[in-house]
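Asker: First the structure, then my questions, so here it is.
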Amino acid sequence: ILYTMFLTILGVKQGGVVSPRLFALYICAIISIVEDSKIGAALGKILLNIMLYADDIILVSYARACLQRLLDLVSDFGIRREIKFNPDKSLVMVFEKNPKKTATEIVKNNPFKMNNVTIPLETSMRYLGMFYDESGHKLHLQTKRDTASRRLADLSRIGIYSHEINPLMKAQIYQTMVRPILLYGCELNTYNVGETKQLESLETMMIKEIIGIHKKCHNGDLIPALKLRNTKDTIKLYKYKFLLRLLDHQMTAKVIPNIISSLPKPRANFVFNLSFLEEIFRLLKIPYSYDTKKYIWNIESLISRAKEEICKIETNFELDKKRPYVIQLREKFDLPYNRMINAINHDLLAIDPYQEEQEIELNTLFDNELNLSE
């Protein structure tokens with residue numbers, strides 16, 4: 001093919017089918033330029049200094065001077081390729097364990113620049129739908145809870161609370177439209193017991209609200225009756241399947257052994273902010289040798305254990321759905337709305353809501369009489 005260089009002032013078409021591929025071909029040279037610099041962070045023996053997804057670029061380095069050098073390389077590349085990197089839409093984040101925030105103070109006193117424009121130092125960022133801050137995943141968790149609540153409010157406007165919709169259909173709508181938002185990124189985040197219970201409580205509260213039953217109904221039978229998997233098992237399932245995808249990919253399959261080789265010894269279950277692989281190894285109970293200070297593992301055993309856990313979760317889920325009491329409860333979903341609500345409340349409530357209201361009124365009257373007698 002014969003061609004000559006020509007000048008273009010247009011970018012790729014927004015939303016075009018071939019646009020991602022064309023942009024990738026145009027910008028892929030930046031990866032070689034940054035990697036050839038041999039500066040940045042490391043994952044075991046693997047250099048990690050740049051990550052790209054579409055037009056989002058992350059530069060990583062342990063040292064301030066090295067990161068500024070990477071910024072200069074990217075900026076020079078943009079000038080040559082007529083790509084304008086916007087410093088106003090860029091930011092710098094510092095992750096450090098030092099409580100004195102030494103590195104943060106250094107960056108504040110000597111900020112990063114791109115094309116002679118200062119890049120702001122931030123305490124939080126969003127990347128590919130994930131929110132990061134110095135506290136780990138708390139910002140992400142809170143943001144997803146708020147977003148899921150807004151999505152449920154949007155669904156209420158189109159009639160998800162309607163008495164004409166079967167609870168099983170409502171549960172499927174929730175599973176399709178709300179749960180993916182609430183649990184987005186749970187594969188990478190390590191939730192402690194309290195955070196997992198918060199997510200589970202929020203999910204069951206939303207589901208009960210959609211169906212119209214009392215908020216104090218038991219969850220153990222309701223969730224499988226609606227053919228939904230409980231929150232805890234769902235998060236585990238996402239993690240195991242994500243691990244299998246990583247091990248099946250050519251590039252990440254090479255990176256993972258390097259990360260595992262640098263993992264610390266097993267930490268207690270209550271330790272916050274465990275890494276993804278630390279959490280996986282804890283869940284799969286991968287043995288650790290204190291003599292060699294390394295985990296005893298190989299890819300085949302890791303894949304085998306993950307598949308066994310997935311099979312166990314799926315099997316338990318199917319057994320839960322077929323429990324006699326769960327089946328009886330599911331049959332009540334076909335009753336007229338008012339009869340269905342009364343029947344479910346009667347079966348799943350530890351205390352009848354009307355009895356509870358009467359007890360509250362009696363206690364109030366008793367308190368009032370006591371005050372009058374005094």
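As shown in the structure tokens, the chain order sets the letters A, B, ...; within each chain, residues go from 1, and ligands are also counted from 1 in the order they appear.
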Report as a Markdown table: every residue of stretch 7-89 of chain A with an atom at most 12 Å from stretch 117-138 of chain A, its closest pair of atoms, and their distance in Å to one decimal, counting only C-alpha atoms, with rows sorted by chain and ascending residue number.
Answerer:
| residue | atom | partner | partner_atom | distance |
| --- | --- | --- | --- | --- |
| A:Met51 | CA | A:Tyr127 | CA | 11.1 |
| A:Leu52 | CA | A:Leu128 | CA | 10.6 |
| A:Tyr53 | CA | A:Leu128 | CA | 8.3 |
| A:Ala54 | CA | A:Leu128 | CA | 10.2 |
| A:Asp55 | CA | A:Leu128 | CA | 11.1 |
| A:Asp56 | CA | A:Tyr127 | CA | 8.1 |
| A:Ile57 | CA | A:Tyr127 | CA | 9.5 |
| A:Ile58 | CA | A:Tyr127 | CA | 9.1 |
| A:Gln68 | CA | A:Ile119 | CA | 10.7 |
| A:Leu71 | CA | A:Ile119 | CA | 10.4 |
| A:Asp72 | CA | A:Val117 | CA | 11.8 |
| A:Ser75 | CA | A:Val117 | CA | 11.2 |
| A:Phe85 | CA | A:Val117 | CA | 11.0 |
| A:Asn86 | CA | A:Val117 | CA | 9.4 |
| A:Pro87 | CA | A:Ile119 | CA | 5.7 |
| A:Asp88 | CA | A:Ile119 | CA | 6.9 |
| A:Lys89 | CA | A:Ile119 | CA | 8.6 |
Asker: Using backbone DSSP assignments, extract all alpha helix (DSSP H) residues from stretch 60-277 of chain A; output them as a ChimeraX atom specification.
Answerer: /A:64-81,102-109,138-157,167-177,179-182,193-211,222-225,231-248,250-261,276-277
Asker: Just the strand (DSSP E or B) stuff from stretch 95-280 of chain A, please, per backbone DSSP, written as a list in words.
Answerer: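 DSSP on the backbone gives strand (DSSP E or B) at Lys113, Met114, Val117, Thr118, Leu121, Ser124, Met125, Arg126, Tyr127, Met130, Phe131, Tyr132, Asp133, Gly136 and Cys217 of chain A.
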Asker: Tell me, in Å to one decimal, how far atom CA of A:Glu278 is from atom CA of A:Asn192.
Answerer: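 According to the coordinates, atom CA of A:Glu278 and atom CA of A:Asn192 are separated by 13.1 Å.
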Asker: With only C-alpha atoms as the basis for distance, which of A:His163, A:Lys285, A:Lys38, A:Lys312 is at the shortest distance from A:Ile341?
Answerer: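 Result for the nearest residue to A:Ile341: A:His163.
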Asker: What is the distance between atom CA of A:Tyr288 and atom CA of A:Ser304, in Å to one decimal?
Answerer: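 Going from atom CA of A:Tyr288 over to atom CA of A:Ser304 covers 17.7 Å.
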Asker: Just checking: using only C-alpha atoms, which residue out of A:Leu59, A:Ile207, A:Leu188, A:Ile286 ends up closest to A:Ile260?
Answerer: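 Looking only at the distances to A:Ile260, the closest residue turns out to be A:Ile286.
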Asker: Write out as a ChimeraX atom specification the residues lying within 12 Å of A:Arg179, counting only C-alpha atoms and excluding same-chain residues fewer than 2 positions away.
Answerer: /A:144-145,147-149,151-152,171-177,181-186,199-200,202-204,206-207,228-231,234-235
Asker: How would the residues just chosen look if you wrote them out with C-alpha atoms as a compact mmCIF listing (two decimals), in the first residue's frame?
Answerer:
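The result, written out as part_23.txt:
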# COMPACT_ATOMS: atom_id res chain seq x y z
CA LYS A 144 -22.46 2.66 45.33
CA ARG A 145 -25.00 2.52 48.15
CA THR A 147 -26.30 5.18 43.50
CA ALA A 148 -28.24 1.95 44.09
CA SER A 149 -30.79 3.84 46.21
CA ARG A 151 -31.73 3.59 40.88
CA LEU A 152 -34.42 2.05 43.08
CA ALA A 171 -36.76 -9.80 42.51
CA GLN A 172 -35.44 -10.38 38.99
CA ILE A 173 -35.76 -6.67 38.19
CA TYR A 174 -33.80 -5.90 41.36
CA GLN A 175 -31.13 -8.48 40.47
CA THR A 176 -30.78 -7.03 36.99
CA MET A 177 -31.07 -3.29 37.64
CA ILE A 181 -24.70 -1.19 40.88
CA LEU A 182 -24.51 -1.96 44.59
CA LEU A 183 -21.91 -4.75 44.22
CA TYR A 184 -19.89 -3.14 41.42
CA GLY A 185 -16.18 -3.61 42.15
CA CYS A 186 -16.73 -6.05 45.03
CA LEU A 199 -24.64 -4.53 52.30
CA GLU A 200 -26.83 -7.51 53.14
CA LEU A 202 -29.43 -2.76 52.60
CA GLU A 203 -30.29 -5.39 49.98
CA THR A 204 -32.93 -7.10 52.10
CA MET A 206 -34.72 -2.76 49.41
CA ILE A 207 -36.25 -6.12 48.49
CA LEU A 228 -31.95 -14.74 44.87
CA ARG A 229 -28.53 -15.66 46.17
CA ASN A 230 -27.58 -14.08 49.50
CA THR A 231 -25.17 -11.14 49.47
CA THR A 234 -22.74 -13.48 45.73
CA ILE A 235 -19.62 -11.48 46.63
Asker: Identify, on the basis of only C-alpha atoms, every residue whose closest approach to A:Val94 does not exceed 7 Å; exclude the query and any residue fewer than 2 positions from it along the same chain; express the result as a PyMOL selection string.
Answerer: chain A and resi 92+96+104
Asker: Take atom CA of A:Phe333 and atom CA of A:Ser156 and report the distance between them in Å, one decimal.
Answerer: 19.9 Å
Asker: My list of candidates is A:Leu155, A:Ile313, A:Val255, A:Leu335. Which is closest to A:Leu48 when distances are computed with only C-alpha atoms?
Answerer: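 Between A:Leu155, A:Ile313, A:Val255, A:Leu335, the residue approaching A:Leu48 most closely is A:Val255.
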Asker: So, counting only C-alpha atoms, which residue among A:Tyr191, A:Tyr337, A:Tyr161, A:Tyr238 is closest to A:Leu274?
Answerer: A:Tyr191
Asker: I'd like the neighbourhood of stretch 243-252 of chain A as a ChimeraX atom specification, where a residue qualifies if any of its atoms comes within 8 Å (using only C-alpha atoms), though same-chain residues fewer than 2 positions away should be ignored.
Answerer: /A:239-241,254-256,299,303,306
Asker: Please list as a PDB file with N, CA and C atoms, in the first residue's frame every residue within 10 Å of A:Ile33, counting only C-alpha atoms and excluding residues in the same chain fewer than 6 positions away.
Answerer:
ATOM      1  N   LEU A  70       7.781  10.765  34.000  1.00  0.00           N
ATOM      2  CA  LEU A  70       6.775  10.070  33.200  1.00  0.00           C
ATOM      3  C   LEU A  70       5.757  11.054  32.629  1.00  0.00           C
ATOM      4  N   LEU A  73       7.277  12.700  29.624  1.00  0.00           N
ATOM      5  CA  LEU A  73       7.292  11.815  28.458  1.00  0.00           C
ATOM      6  C   LEU A  73       5.926  11.772  27.782  1.00  0.00           C
ATOM      7  N   VAL A  74       4.871  11.671  28.593  1.00  0.00           N
ATOM      8  CA  VAL A  74       3.515  11.640  28.040  1.00  0.00           C
ATOM      9  C   VAL A  74       3.173  12.965  27.384  1.00  0.00           C
ATOM     10  N   PHE A  77       4.934  13.237  24.049  1.00  0.00           N
ATOM     11  CA  PHE A  77       4.268  12.362  23.083  1.00  0.00           C
ATOM     12  C   PHE A  77       3.002  13.031  22.552  1.00  0.00           C
TER      13      PHE A  77
END
Asker: So, counting only C-alpha atoms, which residue among A:Ser275, A:Lys215, A:Asn166, A:Tyr290 is closest to A:Lys332?
Answerer: A:Asn166
